[in-house]
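Working notes, structure below.
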Amino acid sequence: MGEKYQHIETAAIHGASDTRYAGSLVPPIFQTSTFVFDTAEQGEKRFSGQEDGYIYSRLGNPTVRVLEEKIALLEGGEAGLAFGSGMAAVSAVLLSLTKSGDHILCSKGVYGCTFGLLELLKEKYGISHNFCDMGSEEELRQAIRPETACIFIETPINPTMQLIDLEMAATVAKEYQIPAVVDNTFSTPYLQQPLQKGCDIVLHSATKYIGGHGDVVAGLVVGKKAYIQNLAATVQKDVGGILSPFDAWLLARGLKTLPVRMDRHSENAEKIVKKLTAHPRVKRVYFPGDTGHPQFEIAKKQMKAGGGLISFELKGTKEDAQAMLNRLKLIRIAVSLGDAETLIQHPATMTHSAVPADMRQEMGISDGLIRLSVGLEAWQDIWEDLEQALNG
Ligand code: LCS
């Protein structure tokens with residue numbers, strides 16, 4: 001946690017909070033689009049980089065900076081950068097690392113819109129990609145091409161909950177001198193810290209656990225200072241997917257309770273997994289914190305706990321899955337995840353509907369697969385609702 005903090009729980013609360021104005025405990029919201037220069041010469045110096053200071057909120061804002069410093073601290077990285085959505089962060093990173101003719105090696109399974117972006121990059125700019133299980137160093141080495149510009153990893157993968165060994169992937173990436181990029185949305189820095197495993201860039205849909213309350217859409221990137229400065233001065237500045245000061249303030253607030261929330265999400269999920277596994281209508285349950293998960297050894301190596309997301313396969317058809325969702329009373333049918341409310345969704349027809357059916361099958365997204373984002377309610381109430389819907 002940097003030099004100042006030994007524990008992530010303390011860093012999440014006190015880190016990057018010394019922007020104090022009028023003795024305010026909480027950093028204020030700088031809801032301003034621009035910043036006034038004392039003189040024309042000062043403006044010139046700010047633009048040329050001779051003098052530090054704010055210019056215009058697309059180029060930097062003090063409230064947004066607090067969030068960027070906090071996430072960098074929690075991920076154990078040198079610097080952070082905030083974006084207007086998780087997809088703005090994913091696209092900025094991929095644009096920054098590739099040029100026409102390059103290749104992206106991707107984990108076998110990614111969020112549906114990341115898949116859409118990869119397709120767009122291929123069609124419009126000739127940046128190809130392929131998917132790889134990344135089950136071993138050898139498998140990774142065989143998939144890397146001379147034109148591979150980066151390795152892009154989701155772990156756990158949305159929504160199949162398959163895992164990739166981050167240390168293994170980072171070792172191979174180093175061997176080929178290409179960056180390993182990790183989408184850490186599902187785990188957050190409280191449960192998993194990819195940079196500490198040797199990966200190069202971490203990104204988040206901060207819309208999820210980082211915000212934690214279902215009221216913000218945002219993205220974050222953490223990496224080496226030189227990379228982040230370059231990303232800010234190029235793709236972010238010129239494409240412009242920035243975060244608003246108020247949303248940054250909400251996220252910095254959300255981060256204070258991240259450790260407590262993640263503990264509770266994980267504990268609740270563990271309880272629900274036990275119940276789901278024993279239920280006769282459930283074919284299979286996928287949860288990285290489950291000793292029965294085929295990659296539990298990887299989870300033990302790199303995750304503090306299983307997190308709050310569970311996927312499970314119902315016995316039956318797509319219509320059976322939809323009917324089960326429709327019987328729920330407390331649990332809300334909604335995409336997104338990581339909120340206080342327990343949310344449930346049907347990946348094949350919702351988050352991953354943009355992925356062609358044959359690819360979905362290959363990724364392990366069947367029509368009976370359901371994804372549950374276990375919230376912070378009493379687990380008994382969550383289970384009671386699930387049980388009545390499963391039995392119904
Ligand atoms: N990465 C992952 C792993 C995600 O799950 C999402 C969104 C994104 C990136 C994109 O972030 P956004 O732009 O939405 O902030 N995942 C969603 C999901 O599973 N349900 O709704 C959104």
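Letters for chains follow the order of the structure tokens (A, B, ...), residue numbers begin at 1 for each chain, and ligand numbers begin at 1 in the order shown.
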Hey, which residues sit close to ligand 1? Say within 8 Å, counting only C-alpha atoms and all ligand atoms, and write them as an mmCIF file with C-alpha atoms, in the first residue's frame.
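Okay, this is what ended up in pocket33.cif:
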```
data_model
loop_
_atom_site.group_PDB
_atom_site.id
_atom_site.type_symbol
_atom_site.label_atom_id
_atom_site.label_comp_id
_atom_site.auth_asym_id
_atom_site.auth_seq_id
_atom_site.Cartn_x
_atom_site.Cartn_y
_atom_site.Cartn_z
ATOM 1 C CA GLY A 84 -16.311 8.012 -18.248
ATOM 2 C CA SER A 85 -17.060 4.270 -18.411
ATOM 3 C CA GLY A 86 -15.361 0.920 -18.169
ATOM 4 C CA MET A 87 -15.543 0.652 -21.953
ATOM 5 C CA ALA A 88 -13.878 4.073 -22.308
ATOM 6 C CA ALA A 89 -11.032 2.655 -20.193
ATOM 7 C CA VAL A 90 -10.836 -0.627 -22.169
ATOM 8 C CA VAL A 110 -14.567 -11.311 -22.091
ATOM 9 C CA TYR A 111 -17.419 -8.927 -21.341
ATOM 10 C CA GLY A 112 -19.761 -8.670 -24.369
ATOM 11 C CA CYS A 113 -18.866 -5.060 -25.244
ATOM 12 C CA THR A 114 -15.129 -5.784 -25.007
ATOM 13 C CA GLU A 154 -10.217 -11.058 -17.693
ATOM 14 C CA ILE A 157 -13.982 -14.212 -16.802
ATOM 15 C CA ASN A 158 -17.410 -12.611 -17.155
ATOM 16 C CA PRO A 159 -19.673 -14.627 -16.776
ATOM 17 C CA ASP A 183 -9.524 -6.273 -16.414
ATOM 18 C CA ASN A 184 -9.850 -6.519 -12.619
ATOM 19 C CA THR A 185 -13.523 -5.492 -12.450
ATOM 20 C CA PHE A 186 -14.782 -8.707 -10.830
ATOM 21 C CA HIS A 204 -11.770 -1.529 -14.116
ATOM 22 C CA SER A 205 -15.336 -0.923 -14.859
ATOM 23 C CA ALA A 206 -15.611 1.244 -11.727
ATOM 24 C CA THR A 207 -19.361 1.152 -12.302
ATOM 25 C CA LYS A 208 -19.333 -2.086 -10.326
ATOM 26 C CA VAL A 217 -20.820 4.585 -14.759
ATOM 27 C CA ALA A 218 -17.024 4.925 -14.807
ATOM 28 C CA GLY A 219 -13.698 3.330 -15.689
ATOM 29 C CA ALA A 334 -30.719 -6.244 -14.100
ATOM 30 C CA VAL A 335 -27.316 -6.231 -15.746
ATOM 31 C CA SER A 336 -24.365 -4.610 -13.987
ATOM 32 C CA LEU A 337 -22.992 -6.075 -10.789
ATOM 33 C CA THR A 351 -24.650 -9.024 -21.389
#
```
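Backbone DSSP over region 201-259 of chain A gives alpha helix (DSSP H) for A:Lys225, A:Ala226, A:Tyr227, A:Ile228, A:Gln229, A:Asn230, A:Leu231, A:Lys237, A:Asp238, A:Val239, A:Pro245, A:Phe246, A:Asp247, A:Ala248, A:Trp249, A:Leu250, A:Leu251, A:Ala252, A:Arg253, A:Gly254, A:Leu255, A:Lys256, A:Leu258, A:Pro259.
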| said: For Val222 (chain A), find every residue with an atom within 6 Å (counting only C-alpha atoms), except residues of its own chain fewer than 4 positions away, and show them as a PyMOL selection string. | reply: chain A and resi 72+79-80+201-202
| said: I'd like to know which of A:Met324, A:Leu74, A:Ala233, A:Val260 is closest to Ala11 (chain A), using only C-alpha atoms. | reply: A:Leu74
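Here CA of Ile127 (chain A) stands at a distance of 26.5 Å from CA of Pro347 (chain A).
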| Hey, what does DSSP flag as strand (DSSP E or B) within region 75-176 of chain A? Can you give it to me as a list of chain:residue names? | A:Ala79, A:Gly80, A:Leu81, A:Ala82, A:Phe83, A:His103, A:Ile104, A:Leu105, A:Cys106, A:Ser107, A:Ser128, A:His129, A:Asn130, A:Phe131, A:Cys132, A:Thr148, A:Ala149, A:Cys150, A:Ile151, A:Phe152, A:Ile153, A:Glu154
| Counting only C-alpha atoms, the option among A:Leu121, A:Leu325, A:Leu309, A:Cys132 closest to Tyr286 (chain A) | A:Leu309
